[in-house]
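The structure file target-v4.pdb is reproduced below (PDB, C-alpha atoms).
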```pdb
MODEL        1
ATOM      1  CA  MET L  27       9.135  10.390 -13.183
ATOM      2  CA  LYS L  28       6.645   9.654 -15.918
ATOM      3  CA  ARG L  29       2.976   9.368 -15.023
ATOM      4  CA  ILE L  30       1.037   6.910 -17.197
ATOM      5  CA  GLU L  31      -2.682   6.118 -16.982
ATOM      6  CA  HIS L  32      -3.697   2.530 -17.693
ATOM      7  CA  ARG L  33      -7.250   1.660 -18.706
ATOM      8  CA  GLU L  34      -6.647  -1.667 -20.427
ATOM      9  CA  ASP L  35      -9.485  -4.178 -20.100
ATOM     10  CA  ARG L  36      -7.051  -6.971 -19.261
ATOM     11  CA  TYR L  37      -6.469  -5.476 -15.816
ATOM     12  CA  PRO L  38      -9.102  -5.702 -13.052
ATOM     13  CA  PHE L  39      -8.666  -2.018 -12.148
ATOM     14  CA  ARG L  40      -7.698   1.166 -13.923
ATOM     15  CA  PHE L  41      -4.425   2.432 -12.476
ATOM     16  CA  VAL L  42      -1.801   5.144 -12.574
ATOM     17  CA  GLU L  43       1.816   4.119 -13.054
ATOM     18  CA  TYR L  44       4.786   6.233 -12.018
ATOM     19  CA  VAL L  45       8.087   5.108 -13.488
ATOM     20  CA  PRO L  46      11.541   6.683 -13.964
ATOM     21  CA  GLU L  47      12.179   8.243 -17.372
ATOM     22  CA  ASN L  48      14.812   5.659 -18.303
ATOM     23  CA  ALA L  49      13.402   2.683 -16.451
ATOM     24  CA  GLY L  50      15.233  -0.592 -16.841
ATOM     25  CA  GLU L  51      14.093  -4.107 -16.139
ATOM     26  CA  GLY L  52      13.733  -5.625 -12.697
ATOM     27  CA  LEU L  53      12.678  -2.507 -10.799
ATOM     28  CA  PRO L  54      11.135  -2.843  -7.336
ATOM     29  CA  LEU L  55       7.364  -2.387  -7.283
ATOM     30  CA  ILE L  56       5.219  -0.430  -4.812
ATOM     31  CA  ILE L  57       1.437  -0.792  -4.961
ATOM     32  CA  GLN L  58      -0.532   1.925  -3.165
ATOM     33  CA  LEU L  59      -4.234   1.566  -2.326
ATOM     34  CA  HIS L  60      -6.147   4.836  -1.886
ATOM     35  CA  GLY L  61      -8.900   5.745   0.579
ATOM     36  CA  ALA L  62     -12.680   5.681   0.164
ATOM     37  CA  GLY L  63     -12.868   9.272  -1.057
ATOM     38  CA  GLU L  64     -10.794   8.508  -4.144
ATOM     39  CA  ARG L  65     -13.026   5.767  -5.571
ATOM     40  CA  GLY L  66     -14.657   6.215  -8.979
ATOM     41  CA  ASP L  67     -13.541   6.612 -12.584
ATOM     42  CA  ASP L  68     -11.449   9.798 -12.367
ATOM     43  CA  LEU L  69      -7.864   8.547 -12.227
ATOM     44  CA  SER L  70      -6.550  11.916 -11.070
ATOM     45  CA  LEU L  71      -8.071  11.115  -7.671
ATOM     46  CA  VAL L  72      -5.456   8.458  -6.908
ATOM     47  CA  ASP L  73      -2.833  11.236  -6.838
ATOM     48  CA  VAL L  74      -4.562  13.156  -4.031
ATOM     49  CA  HIS L  75      -2.764  11.419  -1.146
ATOM     50  CA  GLY L  76       0.257   9.233  -0.636
ATOM     51  CA  PHE L  77       3.458   8.664  -2.573
ATOM     52  CA  SER L  78       2.448  10.751  -5.587
ATOM     53  CA  LYS L  79       3.200  13.847  -3.485
ATOM     54  CA  VAL L  80       6.711  12.522  -2.862
ATOM     55  CA  LEU L  81       7.390  11.573  -6.479
ATOM     56  CA  ALA L  82       7.106  15.167  -7.654
ATOM     57  CA  ASN L  83      10.241  16.083  -5.685
ATOM     58  CA  GLU L  84      12.218  12.858  -5.412
ATOM     59  CA  ASP L  85      13.944  10.631  -7.950
ATOM     60  CA  ILE L  86      13.065   7.140  -6.745
ATOM     61  CA  ASN L  87      14.198   4.163  -8.803
ATOM     62  CA  CYS L  88      10.991   2.189  -8.476
ATOM     63  CA  ARG L  89       7.767   1.493 -10.311
ATOM     64  CA  PHE L  90       4.702   2.790  -8.425
ATOM     65  CA  ILE L  91       1.266   1.358  -9.240
ATOM     66  CA  MET L  92      -1.818   3.145  -7.905
ATOM     67  CA  PRO L  93      -5.061   1.358  -8.834
ATOM     68  CA  GLN L  94      -8.509   2.918  -8.496
ATOM     69  CA  CYS L  95     -11.325   1.126  -6.718
ATOM     70  CA  PRO L  96     -14.828   1.420  -8.246
ATOM     71  CA  LYS L  97     -17.292   3.541  -6.284
ATOM     72  CA  GLU L  98     -19.671   0.750  -5.320
ATOM     73  CA  THR L  99     -17.106  -1.444  -3.538
ATOM     74  CA  PHE L 100     -14.047  -1.328  -1.262
ATOM     75  CA  TRP L 101     -10.553  -2.822  -1.280
ATOM     76  CA  ALA L 102     -11.051  -5.472   1.406
ATOM     77  CA  ALA L 103     -13.836  -6.954  -0.734
ATOM     78  CA  ARG L 104     -11.596  -7.060  -3.814
ATOM     79  CA  VAL L 105      -8.551  -8.929  -2.515
ATOM     80  CA  GLU L 106      -8.569 -11.498  -5.338
ATOM     81  CA  SER L 107      -8.650  -8.702  -7.927
ATOM     82  CA  ILE L 108      -5.814  -6.831  -6.184
ATOM     83  CA  VAL L 109      -3.713 -10.002  -6.290
ATOM     84  CA  GLU L 110      -4.588 -10.505  -9.960
ATOM     85  CA  LEU L 111      -3.492  -6.956 -10.783
ATOM     86  CA  ILE L 112      -0.201  -7.318  -8.896
ATOM     87  CA  GLU L 113       0.657 -10.621 -10.544
ATOM     88  CA  LYS L 114      -0.075  -9.222 -14.008
ATOM     89  CA  VAL L 115       1.929  -6.059 -13.360
ATOM     90  CA  ILE L 116       4.932  -8.062 -12.124
ATOM     91  CA  LYS L 117       4.857 -10.096 -15.332
ATOM     92  CA  ASP L 118       3.968  -7.332 -17.817
ATOM     93  CA  PHE L 119       6.426  -4.751 -16.469
ATOM     94  CA  ASP L 120       9.175  -7.231 -15.555
ATOM     95  CA  ALA L 121       9.254  -6.067 -11.934
ATOM     96  CA  ASP L 122      11.508  -7.738  -9.390
ATOM     97  CA  PRO L 123       9.281 -10.375  -7.703
ATOM     98  CA  LYS L 124      11.539 -10.325  -4.644
ATOM     99  CA  ARG L 125      10.948  -6.591  -4.114
ATOM    100  CA  VAL L 126       7.179  -6.093  -4.223
ATOM    101  CA  TYR L 127       5.662  -3.840  -1.554
ATOM    102  CA  LEU L 128       2.094  -2.983  -0.591
ATOM    103  CA  THR L 129       0.819   0.106   1.188
ATOM    104  CA  GLY L 130      -2.490   1.892   1.552
ATOM    105  CA  LEU L 131      -4.284   4.522   3.594
ATOM    106  CA  SER L 132      -7.648   4.343   5.390
ATOM    107  CA  MET L 133      -9.783   2.045   3.201
ATOM    108  CA  GLY L 134      -6.501   1.211   1.500
ATOM    109  CA  GLY L 135      -4.972   0.417   4.879
ATOM    110  CA  PHE L 136      -7.648  -2.223   5.392
ATOM    111  CA  GLY L 137      -6.983  -3.469   1.858
ATOM    112  CA  THR L 138      -3.280  -3.716   2.635
ATOM    113  CA  TRP L 139      -3.823  -5.806   5.761
ATOM    114  CA  TYR L 140      -6.367  -8.099   4.090
ATOM    115  CA  THR L 141      -4.378  -8.626   0.895
ATOM    116  CA  ALA L 142      -1.130  -9.297   2.748
ATOM    117  CA  MET L 143      -2.857 -11.864   4.967
ATOM    118  CA  ALA L 144      -4.345 -13.580   1.924
ATOM    119  CA  ARG L 145      -1.074 -13.691  -0.052
ATOM    120  CA  PRO L 146       1.913 -13.086   2.222
ATOM    121  CA  ASP L 147       4.168 -14.799  -0.314
ATOM    122  CA  LEU L 148       3.814 -11.838  -2.687
ATOM    123  CA  PHE L 149       5.319  -9.104  -0.524
ATOM    124  CA  ALA L 150       8.757  -8.252   0.809
ATOM    125  CA  ALA L 151       7.235  -5.676   3.222
ATOM    126  CA  ILE L 152       3.972  -3.787   3.767
ATOM    127  CA  ALA L 153       2.928  -0.425   5.226
ATOM    128  CA  PRO L 154      -0.744  -0.144   6.261
ATOM    129  CA  ILE L 155      -1.702   3.435   7.161
ATOM    130  CA  CYS L 156      -4.681   4.096   9.519
ATOM    131  CA  GLY L 157      -6.443   0.837   8.640
ATOM    132  CA  GLY L 158      -7.369  -2.368  10.384
ATOM    133  CA  GLY L 159      -7.411  -6.094   9.818
ATOM    134  CA  MET L 160      -8.200  -9.427  11.389
ATOM    135  CA  ALA L 161      -6.000  -9.717  14.467
ATOM    136  CA  TRP L 162      -6.775 -13.419  14.823
ATOM    137  CA  ASN L 163      -5.055 -13.991  11.456
ATOM    138  CA  ALA L 164      -1.952 -11.894  12.172
ATOM    139  CA  GLY L 165       0.212 -14.996  12.135
ATOM    140  CA  ALA L 166      -0.133 -15.034   8.351
ATOM    141  CA  LEU L 167       1.931 -11.837   8.129
ATOM    142  CA  THR L 168       5.401 -13.244   7.591
ATOM    143  CA  MET L 169       6.861 -10.041   6.115
ATOM    144  CA  PRO L 170       8.093  -6.879   7.915
ATOM    145  CA  VAL L 171       5.259  -4.422   8.647
ATOM    146  CA  ARG L 172       5.395  -0.648   9.138
ATOM    147  CA  VAL L 173       2.223   0.827  10.678
ATOM    148  CA  PHE L 174       1.094   4.443  11.128
ATOM    149  CA  HIS L 175      -2.025   5.668  12.931
ATOM    150  CA  GLY L 176      -3.104   8.946  14.508
ATOM    151  CA  VAL L 177      -4.274   8.680  18.109
ATOM    152  CA  ASN L 178      -7.024  11.258  17.456
ATOM    153  CA  ASP L 179      -8.396   9.472  14.381
ATOM    154  CA  ASN L 180     -12.195   9.818  14.428
ATOM    155  CA  ALA L 181     -12.760   7.879  11.181
ATOM    156  CA  VAL L 182     -10.811   4.682  11.912
ATOM    157  CA  SER L 183     -10.060   4.087  15.589
ATOM    158  CA  VAL L 184      -6.397   3.771  16.515
ATOM    159  CA  ASN L 185      -7.478   0.624  18.356
ATOM    160  CA  GLN L 186      -7.666  -1.087  14.949
ATOM    161  CA  SER L 187      -3.929  -0.686  14.407
ATOM    162  CA  ASP L 188      -3.192  -1.344  18.089
ATOM    163  CA  GLU L 189      -4.862  -4.748  17.840
ATOM    164  CA  MET L 190      -2.992  -5.714  14.680
ATOM    165  CA  VAL L 191       0.395  -4.587  16.013
ATOM    166  CA  ASN L 192      -0.096  -6.344  19.358
ATOM    167  CA  ALA L 193      -1.149  -9.548  17.598
ATOM    168  CA  ILE L 194       1.929  -9.485  15.358
ATOM    169  CA  LYS L 195       4.213  -8.857  18.329
ATOM    170  CA  ALA L 196       2.584 -11.688  20.277
ATOM    171  CA  ARG L 197       3.490 -14.031  17.420
ATOM    172  CA  GLY L 198       7.083 -12.800  17.213
ATOM    173  CA  GLY L 199       6.587 -10.884  13.971
ATOM    174  CA  ASN L 200       8.581  -7.950  12.620
ATOM    175  CA  VAL L 201       6.519  -4.777  13.090
ATOM    176  CA  GLU L 202       7.306  -1.074  13.593
ATOM    177  CA  TYR L 203       4.527   1.190  14.818
ATOM    178  CA  THR L 204       4.294   4.986  14.674
ATOM    179  CA  ARG L 205       1.346   5.920  16.900
ATOM    180  CA  MET L 206       1.079   9.675  16.455
ATOM    181  CA  GLU L 207      -0.240  11.757  19.359
ATOM    182  CA  GLY L 208      -2.320  14.791  18.372
ATOM    183  CA  VAL L 209      -2.848  13.525  14.809
ATOM    184  CA  GLY L 210      -6.200  12.590  13.289
ATOM    185  CA  HIS L 211      -7.199  10.525  10.292
ATOM    186  CA  ASN L 212      -4.790  12.289   7.936
ATOM    187  CA  VAL L 213      -1.744  10.552   9.405
ATOM    188  CA  TRP L 214      -0.769   9.721   5.801
ATOM    189  CA  GLU L 215       0.540  13.278   5.519
ATOM    190  CA  HIS L 216       3.256  12.274   7.985
ATOM    191  CA  ALA L 217       3.742   8.700   6.770
ATOM    192  CA  TYR L 218       4.374   9.024   3.054
ATOM    193  CA  ASN L 219       7.880  10.292   2.362
ATOM    194  CA  LYS L 220      11.155   9.056   0.944
ATOM    195  CA  ALA L 221      12.047   7.557   4.322
ATOM    196  CA  LEU L 222       9.085   5.169   4.067
ATOM    197  CA  ALA L 223      10.084   4.202   0.525
ATOM    198  CA  ASP L 224      13.644   3.571   1.721
ATOM    199  CA  TRP L 225      12.331   1.461   4.604
ATOM    200  CA  LEU L 226      10.352  -0.688   2.163
ATOM    201  CA  PHE L 227      13.340  -1.032  -0.175
ATOM    202  CA  SER L 228      15.534  -2.234   2.718
ATOM    203  CA  TYR L 229      13.661  -5.542   2.586
ATOM    204  CA  SER L 230      13.767  -8.226  -0.075
ATOM    205  CA  LYS L 231      12.289 -11.696  -0.112
TER     206      LYS L 231
ENDMDL
END
```

Let me see the structure of the file written as structure tokens.
Amino acid sequence: MKRIEHREDRYPFRFVEYVPENAGEGLPLIIQLHGAGERGDDLSLVDVHGFSKVLANEDINCRFIMPQCPKETFWAARVESIVELIEKVIKDFDADPKRVYLTGLSMGGFGTWYTAMARPDLFAAIAPICGGGMAWNAGALTMPVRVFHGVNDNAVSVNQSDEMVNAIKARGGNVEYTRMEGVGHNVWEHAYNKALADWLFSYSK
């Protein structure tokens, strides 16, 4: 896949795009939100964790967008800007609006929950990794949800995901939860693989 860095002023964030060499129109779109350690203005940081590790070895017919959050803020505080970026990318890159997916790890897991609750209409499915949200608002999550969290996470308590998953289940929502015993904060090393991409792609609006 081709890796392209975008720094255009028209977008609210700089971002890295991964796209197949001979990409056509109407590809599905995955947006991945990184963790707190990858904030800043060095776009190579967004490749440190997540799907970029998978893309080196797999041929996945999808457009991946990995924005970078500025150092002085965090994703959950930038939900409107995340939505703006996604809407512009869908239009500019002619992505399939029925197959848009959001995922993120740690700080990006929080950003995934918060953005999906703010604009559930945008996403066919989401995958928050070791994050947390607002359990009282879980009813807003109308899309399928795939959650991962390490039981031994000392940075973000597994209780954060427990609360979100239980709230979704209580409202009859579609949620799958991998609660990994003996795993700490780096549960993303187990979560991001082709199987997760295939799970996302199995859903369409």

Centre and edge lengths, as AutoDock Vina command-line options, for the axis-aligned box enclosing every listed atom of range 59-78 of chain L with 5 Å of padding on each of the six sides, in Å to one decimal?
```
--center_x -5.6 --center_y 7.4 --center_z -6.0 --size_x 28.1 --size_y 21.6 --size_z 23.2
```

Ground truth for the PyMOL selection byres ((chain L and resi 171) around 7), written as a PyMOL selection string: chain L and resi 151-153+169-170+172-173+200-202

Quick one: of L:Pro46, L:Gly130, L:Pro123, L:Pro54, who's nearest to Asp85 in chain L, counting only C-alpha atoms? L:Pro46

Distance query Met143 in chain L at most 9 Å, only C-alpha atoms, self and fewer than 3 positions along chain excluded, as an MDAnalysis selection string: chainID L and resid 138:140 146 159:160 163:168

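Interatomic distance, CA of Gly176 in chain L against CA of Ile194 in chain L: 19.1 Å.
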
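Interatomic distance, CA of Arg36 in chain L against CA of Gly61 in chain L: 23.6 Å.
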
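Pairwise distance (CA of His216 in chain L, CA of Phe77 in chain L) equals 11.2 Å.
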
Exactly which residues make up the result of the PyMOL selection byres ((chain L and resi 124) around 8) on this file, given as a PyMOL selection string? chain L and resi 54+122-123+125-126+149-150+230-231

Nearest residue to Asn178 in chain L out of L:Asn192, L:Ser70, L:Asn212, L:Gln94, using all atoms listed in the file? L:Asn212

Pull out every residue that the PyMOL selection byres ((chain L and resi 223) around 12) matches in the shown coordinates and put them as a PyMOL selection string. chain L and resi 54-58+76-78+80-81+84-90+125-129+151-153+172+217-222+224-229

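Every protein or nucleic acid residue with an atom no more than 12 Å from Glu207 in chain L, counting all atoms listed in the file and leaving out same-chain residues fewer than 4 positions away, appears here: L:Phe174, L:His175, L:Gly176, L:Val177, L:Asn178, L:Asp179, L:Val184, L:His211, L:Val213, L:His216.
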
Would you save the residues of that selection, restricted to C-alpha atoms, as a PDB file, in the coordinates of the input?
```
ATOM      1  CA  PHE L 174       1.094   4.443  11.128  1.00  0.00           C
ATOM      2  CA  HIS L 175      -2.025   5.668  12.931  1.00  0.00           C
ATOM      3  CA  GLY L 176      -3.104   8.946  14.508  1.00  0.00           C
ATOM      4  CA  VAL L 177      -4.274   8.680  18.109  1.00  0.00           C
ATOM      5  CA  ASN L 178      -7.024  11.258  17.456  1.00  0.00           C
ATOM      6  CA  ASP L 179      -8.396   9.472  14.381  1.00  0.00           C
ATOM      7  CA  VAL L 184      -6.397   3.771  16.515  1.00  0.00           C
ATOM      8  CA  HIS L 211      -7.199  10.525  10.292  1.00  0.00           C
ATOM      9  CA  VAL L 213      -1.744  10.552   9.405  1.00  0.00           C
ATOM     10  CA  HIS L 216       3.256  12.274   7.985  1.00  0.00           C
TER      11      HIS L 216
END
```

L:His75, L:Glu113, L:Gly134, L:Asn83 ranked by distance to Phe100 in chain L, top pick (using all atoms listed in the file): L:Gly134

Tell me which residues come within 10 Å of (-14.7, -4.0, -9.6), as a ChimeraX atom specification, counting all atoms listed in the file in the file's coordinates. /L:38-40,94-101,103-104,107-108

Output file for the selection above: C-alpha atoms, as a short mmCIF file (atom, residue, chain, number, x, y, z; two decimals), in the frame of the given file:
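Everything below was put into part_1.cif:
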```cif
data_model
loop_
_atom_site.label_atom_id
_atom_site.label_comp_id
_atom_site.auth_asym_id
_atom_site.auth_seq_id
_atom_site.Cartn_x
_atom_site.Cartn_y
_atom_site.Cartn_z
CA PRO L 38 -9.10 -5.70 -13.05
CA PHE L 39 -8.67 -2.02 -12.15
CA ARG L 40 -7.70 1.17 -13.92
CA GLN L 94 -8.51 2.92 -8.50
CA CYS L 95 -11.32 1.13 -6.72
CA PRO L 96 -14.83 1.42 -8.25
CA LYS L 97 -17.29 3.54 -6.28
CA GLU L 98 -19.67 0.75 -5.32
CA THR L 99 -17.11 -1.44 -3.54
CA PHE L 100 -14.05 -1.33 -1.26
CA TRP L 101 -10.55 -2.82 -1.28
CA ALA L 103 -13.84 -6.95 -0.73
CA ARG L 104 -11.60 -7.06 -3.81
CA SER L 107 -8.65 -8.70 -7.93
CA ILE L 108 -5.81 -6.83 -6.18
#
```

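Across L:Asp120, L:Phe136, L:Lys28, L:Ile155, the tightest approach to Ala82 in chain L is made by L:Lys28 when counting all atoms listed in the file.
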